[in-house]
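K.L.:
Sharing a structure below in structure tokens format, with a few things to ask.
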Number of protein chains: 2
Amino acid sequence: MIKLAVGIDIGGTNTVYGIVDEHGKIYGEGHFPTRKYADFELFMQALADNIKSLATDVPENYELIGLGLGAPNANYYTGNIEFAVNLLWTGVLPIAQKLKEHFPGLPVVITNDANAAAIGEMVYGGAKGMKDFVVITLGTGLGSGIVAGGELLYGHDGFAGELGHIIVTPDGRECGCGRKGCLETYASASGIIRTVYKLLADHRGDSELKSISFNELSADMITKAAINRDPIAIEAFAHTGRLLGLALANMIAITSPEAIFLFGGLAKAGKYIFDPVKEYMEENLLKFWKGKVKLLPSGLNDETNAAVLGSAALAWKEIKNKK
Amino acid sequence: MIKLAVGIDIGGTNTVYGIVDEHGKIYGEGHFPTRKYADFELFMQALADNIKSLATDVPENYELIGLGLGAPNANYYTGNIEFAVNLLWTGVLPIAQKLKEHFPGLPVVITNDANAAAIGEMVYGGAKGMKDFVVITLGTGLGSGIVAGGELLYGHDGFAGELGHIIVTPDGRECGCGRKGCLETYASASGIIRTVYKLLADHRGDSELKSISFNELSADMITKAAINRDPIAIEAFAHTGRLLGLALANMIAITSPEAIFLFGGLAKAGKYIFDPVKEYMEENLLKFWKGKVKLLPSGLNDETNAAVLGSAALAWKEIKNKK
């Protein structure tokens, strides 16, 4: 009989789920728009029904060992989603409790998506065997999952790892959190778009990005422009690298990881993002760390279902810790 | 029979040692100038002899359970002091091994002084019962010991917690590490002295600090001037608070501690340092942390032998972890 874990990722746009074995083989997966259900109870019912129907399709004999869930502002300690700004449901949502009601007797582990990505990296990705590393998720915002001594660093309240909200430029760009100058207003898909617009405002000369509106511009377009040697696009990556590289050097001084993995949309820009980040990270490191901390693409960057793997990994990790 | 641990702190100036029980009662202590022995082997011999002679003076029946040692650049993983700049002995010093030779059969734990201070805070000070907290040592430099999930955060190589060397002002003040703009060039006893001189250069008006040379000026004198409402001294503390407060807010975003303890000479300035640090820390915190993270004076600030207690606590913590 094989053992399988359920992985669930609730995003602002889509909810994805799957059934995954210890080695990352996916036995079934599905997804639906998160905003399809304005009512949280109905959402949970649909999610549970979908997972159960997926499970009945598994051809082999199996045993479900647990559920892992990644979601914005999901708290490992309380089992609640707490005041997530990108979801329709407001307040405190007891999501771990609800999952336990739908799947009695199974352990449920929840945390935010960046922490799930870090555990996914450790169980299925490039951090196998590492005990001290960091995963940086470069999506619309910037998230981070920090593993120290083989365990996720949750902090006192479950909300550690908010690297996207360290302030790197006092009185800098407005951030969705209500403050100014947070790292994610510069180093993220939305941050590099803002940087392109700043550069277009400050400089003269041609750029293919001048024909694209703020709302239309994507990080992918900036990468394509950089490949075409567009000077604004290249400078936008350099500026992103300066700020992210310094922030990573400062984080290394605090947590001293073996490696930092870049995950998500902006990480797919390859050398255009890695080269400047690496350059400025190295430039700002204390001497004895120079050349020693690996900056790597996530081992899950090419997986279409990285979020499902990361969430399932939470369940596998929890089971392993209990043994 | 009582159980006792040896605590040793090797500083650039003095080496202190003592014999301490589980509750922080000191049964004997001593000290000598670290630079008395230019030869490392002779230093170790003298240290061991002194400790053994101290131990023979303990009136009660006792059992030694282990040795803890705090020293600059002491590495928990390797047991070596590695390239410490403030000691006479150069290169890699196998100090844990040497202690084991002098005290066969006893466990030896070494780490840097800020980490020892953090464990001391947990075992004997204000962090009893806390699992996630940070101790900031404000001496000549700035050190930090981070406890996460009840364990010291050592990082991949044993050198985590170098908060003094996060860069807070790119191209800022020259630092002893060879770079520029490190936090400890502003937020430390030596940093606030530099700040006073910067302020004296920039401003007019009277200040009692104008009559003191750079070499003579101490953090204590700046505190005394602040008590006398000297505007330069008060502004120097405010400037220190702005930079340290922001750095602490950023560190909270990364590690989310329950409390931050300020330890050491500059921390003894009381409200003159705590008020501005607290103000700017709160100002820069994400909304859900505002008012929640305690900023406290170290529970060991009034102990004349805090360094001995911290180092002895390392041994007690190690014994407890093994149980």
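Chains: A, B, ... in order of the structure tokens. Residues: from 1 per chain. Ligands: from 1, in order shown.
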For segment 183-206 of chain B against segment 244-252 of chain B, with a cut-off of 12 Å and counting only C-alpha atoms, what is the closest atom pair and its distance in Å to one decimal for every residue that makes the cut, ordered by chain and number, as a Markdown table?
P.N.:
| residue | atom | partner | partner_atom | distance |
| --- | --- | --- | --- | --- |
| B:Leu183 | CA | B:Leu244 | CA | 7.4 |
| B:Glu184 | CA | B:Leu244 | CA | 9.1 |
| B:Thr185 | CA | B:Leu244 | CA | 10.9 |
| B:Tyr186 | CA | B:Leu244 | CA | 8.1 |
| B:Ala187 | CA | B:Leu244 | CA | 6.0 |
| B:Ser188 | CA | B:Leu244 | CA | 9.4 |
| B:Gly191 | CA | B:Leu244 | CA | 11.1 |
| B:Ile192 | CA | B:Leu244 | CA | 11.3 |
K.L.:
Could you take the residues named above and write them with N, CA and C atoms, as a PDB file, in the first residue's frame?
P.N.:
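Now in part29.pdb:
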ATOM      1  N   LEU B 183      25.818  48.547  10.754  1.00  0.00           N
ATOM      2  CA  LEU B 183      25.018  49.024  11.884  1.00  0.00           C
ATOM      3  C   LEU B 183      25.879  49.379  13.090  1.00  0.00           C
ATOM      4  N   GLU B 184      26.932  48.566  13.363  1.00  0.00           N
ATOM      5  CA  GLU B 184      27.689  48.825  14.588  1.00  0.00           C
ATOM      6  C   GLU B 184      28.551  50.087  14.510  1.00  0.00           C
ATOM      7  N   THR B 185      28.724  50.645  13.320  1.00  0.00           N
ATOM      8  CA  THR B 185      29.446  51.922  13.250  1.00  0.00           C
ATOM      9  C   THR B 185      28.565  53.080  13.727  1.00  0.00           C
ATOM     10  N   TYR B 186      27.260  52.809  13.918  1.00  0.00           N
ATOM     11  CA  TYR B 186      26.333  53.815  14.432  1.00  0.00           C
ATOM     12  C   TYR B 186      25.785  53.413  15.804  1.00  0.00           C
ATOM     13  N   ALA B 187      25.357  52.149  15.923  1.00  0.00           N
ATOM     14  CA  ALA B 187      24.647  51.710  17.123  1.00  0.00           C
ATOM     15  C   ALA B 187      25.554  50.846  17.989  1.00  0.00           C
ATOM     16  N   SER B 188      26.369  51.488  18.778  1.00  0.00           N
ATOM     17  CA  SER B 188      27.302  50.836  19.697  1.00  0.00           C
ATOM     18  C   SER B 188      27.947  51.961  20.497  1.00  0.00           C
ATOM     19  N   GLY B 191      30.050  53.719  18.165  1.00  0.00           N
ATOM     20  CA  GLY B 191      29.231  54.380  17.147  1.00  0.00           C
ATOM     21  C   GLY B 191      28.659  55.698  17.638  1.00  0.00           C
ATOM     22  N   ILE B 192      28.173  55.712  18.867  1.00  0.00           N
ATOM     23  CA  ILE B 192      27.544  56.950  19.352  1.00  0.00           C
ATOM     24  C   ILE B 192      28.606  58.030  19.579  1.00  0.00           C
TER      25      ILE B 192
END
K.L.:
How would you write, as a PyMOL selection string, the set of residues in segment 208-288 of chain A that DSSP gives as helix (DSSP H, G or I)?
P.N.:
chain A and resi 208-211+219-227+231-255+265-269+271-283+287-288
K.L.:
List as a PDB file with C-alpha atoms, in the first residue's frame the protein and nucleic acid residues near Ala84 of chain A, meaning an atom at most 10 Å away when only C-alpha atoms are counted, but skip any in the same chain fewer than 4 places from it.
P.N.:
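After the write, part.pdb holds the following:
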ATOM      1  CA  GLY A  12      -5.738  35.097  -4.462  1.00  0.00           C
ATOM      2  CA  ALA A  71      -2.223  30.208   1.888  1.00  0.00           C
ATOM      3  CA  PRO A  72      -1.632  33.938   2.401  1.00  0.00           C
ATOM      4  CA  ASN A  73      -1.280  34.769   6.141  1.00  0.00           C
ATOM      5  CA  ALA A  74      -1.857  31.127   7.147  1.00  0.00           C
ATOM      6  CA  LEU A  88     -12.712  37.469  -0.306  1.00  0.00           C
ATOM      7  CA  TRP A  89     -13.227  36.072   3.207  1.00  0.00           C
ATOM      8  CA  THR A  90     -12.355  38.474   5.992  1.00  0.00           C
ATOM      9  CA  GLY A  91     -11.140  38.123   9.572  1.00  0.00           C
ATOM     10  CA  VAL A  92      -9.827  34.945  11.148  1.00  0.00           C
ATOM     11  CA  LEU A  93     -10.591  31.711   9.261  1.00  0.00           C
TER      12      LEU A  93
END
K.L.:
Taking only C-alpha atoms into account, which residues of chain A are within 6 Å of chain B, as a count of residues only?
P.N.:
15
K.L.:
At what distance in Å, to one decimal, does atom CA of Phe261 of chain B lie from atom CA of Asp230 of chain B?
P.N.:
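According to the coordinates, atom CA of Asp230 of chain B and atom CA of Phe261 of chain B are separated by 26.8 Å.
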K.L.:
DSSP says strand (DSSP E or B) for which residues of segment 90-252 of chain A? Put them as JSON, numbers by chain?
P.N.:
{"A": [92, 93, 108, 109, 110, 111, 133, 134, 135, 136, 137, 138, 142, 143, 144, 145, 146, 147, 148, 151, 152, 167, 174, 180, 182]}
K.L.:
What does the file look like for those residues with N, CA and C atoms, as an mmCIF file, in the first residue's frame?
P.N.:
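Here's the written file out02.cif:
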data_model
loop_
_atom_site.group_PDB
_atom_site.id
_atom_site.type_symbol
_atom_site.label_atom_id
_atom_site.label_comp_id
_atom_site.auth_asym_id
_atom_site.auth_seq_id
_atom_site.Cartn_x
_atom_site.Cartn_y
_atom_site.Cartn_z
ATOM 1 N N VAL A 92 -10.601 36.128 10.791
ATOM 2 C CA VAL A 92 -9.827 34.945 11.148
ATOM 3 C C VAL A 92 -10.576 33.694 10.690
ATOM 4 N N LEU A 93 -9.938 32.895 9.827
ATOM 5 C CA LEU A 93 -10.591 31.711 9.261
ATOM 6 C C LEU A 93 -9.951 30.441 9.825
ATOM 7 N N VAL A 108 -3.145 17.956 9.944
ATOM 8 C CA VAL A 108 -3.234 19.078 9.005
ATOM 9 C C VAL A 108 -2.163 20.094 9.378
ATOM 10 N N VAL A 109 -1.355 20.510 8.403
ATOM 11 C CA VAL A 109 -0.329 21.528 8.637
ATOM 12 C C VAL A 109 -0.584 22.683 7.695
ATOM 13 N N ILE A 110 -0.654 23.898 8.232
ATOM 14 C CA ILE A 110 -0.826 25.047 7.350
ATOM 15 C C ILE A 110 0.282 26.066 7.608
ATOM 16 N N THR A 111 0.607 26.817 6.575
ATOM 17 C CA THR A 111 1.540 27.941 6.718
ATOM 18 C C THR A 111 1.404 28.813 5.479
ATOM 19 N N PHE A 133 18.831 27.160 4.959
ATOM 20 C CA PHE A 133 18.705 27.799 3.648
ATOM 21 C C PHE A 133 17.479 28.713 3.664
ATOM 22 N N VAL A 134 17.364 29.499 2.601
ATOM 23 C CA VAL A 134 16.250 30.440 2.484
ATOM 24 C C VAL A 134 15.673 30.322 1.081
ATOM 25 N N VAL A 135 14.357 30.342 0.976
ATOM 26 C CA VAL A 135 13.706 30.435 -0.333
ATOM 27 C C VAL A 135 13.046 31.803 -0.429
ATOM 28 N N ILE A 136 13.375 32.514 -1.509
ATOM 29 C CA ILE A 136 12.762 33.820 -1.774
ATOM 30 C C ILE A 136 11.772 33.637 -2.914
ATOM 31 N N THR A 137 10.501 33.966 -2.684
ATOM 32 C CA THR A 137 9.519 33.877 -3.758
ATOM 33 C C THR A 137 9.319 35.262 -4.363
ATOM 34 N N LEU A 138 9.615 35.351 -5.665
ATOM 35 C CA LEU A 138 9.519 36.630 -6.367
ATOM 36 C C LEU A 138 8.309 36.599 -7.290
ATOM 37 N N LEU A 142 7.068 39.818 -2.577
ATOM 38 C CA LEU A 142 8.261 39.046 -2.238
ATOM 39 C C LEU A 142 8.012 38.329 -0.911
ATOM 40 N N GLY A 143 8.105 37.001 -0.959
ATOM 41 C CA GLY A 143 7.957 36.219 0.270
ATOM 42 C C GLY A 143 9.253 35.507 0.589
ATOM 43 N N SER A 144 9.394 35.049 1.829
ATOM 44 C CA SER A 144 10.581 34.264 2.153
ATOM 45 C C SER A 144 10.253 33.194 3.173
ATOM 46 N N GLY A 145 10.861 32.042 2.977
ATOM 47 C CA GLY A 145 10.758 30.950 3.936
ATOM 48 C C GLY A 145 12.167 30.621 4.400
ATOM 49 N N ILE A 146 12.387 30.654 5.705
ATOM 50 C CA ILE A 146 13.725 30.477 6.261
ATOM 51 C C ILE A 146 13.776 29.146 7.001
ATOM 52 N N VAL A 147 14.706 28.287 6.612
ATOM 53 C CA VAL A 147 14.909 27.038 7.337
ATOM 54 C C VAL A 147 16.221 27.156 8.110
ATOM 55 N N ALA A 148 16.147 26.924 9.429
ATOM 56 C CA ALA A 148 17.324 27.042 10.305
ATOM 57 C C ALA A 148 17.431 25.769 11.133
ATOM 58 N N GLU A 151 14.650 23.156 10.537
ATOM 59 C CA GLU A 151 13.245 23.468 10.821
ATOM 60 C C GLU A 151 12.877 24.844 10.289
ATOM 61 N N LEU A 152 11.624 24.997 9.852
ATOM 62 C CA LEU A 152 11.164 26.316 9.445
ATOM 63 C C LEU A 152 11.233 27.280 10.617
ATOM 64 N N ILE A 167 12.266 47.389 5.462
ATOM 65 C CA ILE A 167 12.295 48.703 4.809
ATOM 66 C C ILE A 167 13.703 48.955 4.288
ATOM 67 N N GLU A 174 5.403 53.565 -1.938
ATOM 68 C CA GLU A 174 4.245 53.108 -1.162
ATOM 69 C C GLU A 174 4.084 51.603 -1.318
ATOM 70 N N LYS A 180 6.102 52.619 3.685
ATOM 71 C CA LYS A 180 6.855 53.043 2.506
ATOM 72 C C LYS A 180 8.235 52.392 2.474
ATOM 73 N N CYS A 182 9.291 49.327 1.432
ATOM 74 C CA CYS A 182 9.500 47.890 1.660
ATOM 75 C C CYS A 182 10.216 47.262 0.469
#
K.L.:
Could you give me, as a list in words, the residues within 10 Å of Ala189 of chain A, counting only C-alpha atoms and dropping anything in the same chain fewer than 5 positions from it?
P.N.:
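In the requested format, the answer is Leu138, Gly139, Thr140, Gly141, Leu142, Glu184, Arg194, Leu217, Ser218, Ala219, Asp220, Ile222, Gly264, Gly265, Leu266 and Ala267 of chain A.
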K.L.:
Would you pick out the contacts of Ala55 of chain A at 12 Å or less, using only C-alpha atoms, so that residues sharing its chain but fewer than 2 positions from it are not included, and give the list as number ranges by chain?
P.N.:
A: 3-6, 17-20, 26-30, 48-53, 57-64
K.L.:
What gap, in Å, lies between atom CA of Asp206 of chain B and atom CA of Pro276 of chain B?
P.N.:
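Taking atom CA of Asp206 of chain B as the start and atom CA of Pro276 of chain B as the end point, the length is 22.5 Å.
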K.L.:
For each of B:Leu209, B:Leu243, B:Met281, B:Leu262, take the minimum atom-to-atom distance to Pro231 of chain B, counting only C-alpha atoms, then give the residue where this is smallest.
P.N.:
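Ranking B:Leu209, B:Leu243, B:Met281, B:Leu262 by distance to Pro231 of chain B, first place goes to B:Leu209.
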K.L.:
State, in Å with one decimal place, the distance from atom CA of Lys98 of chain B to atom CA of Leu69 of chain B.
P.N.:
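Interatomic distance, atom CA of Lys98 of chain B to atom CA of Leu69 of chain B: 12.1 Å.
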K.L.:
Need to verify the contact set: Ala236 of chain A, 8 Å, only C-alpha atoms, exclusion of same-chain residues closer than 2 positions in sequence. Can you return it as a list in words?
P.N.:
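The filter keeps Ile192, Thr195, Val196, Leu199, Ile232, Ala233, Ile234, Ala238, His239 and Thr240 of chain A.
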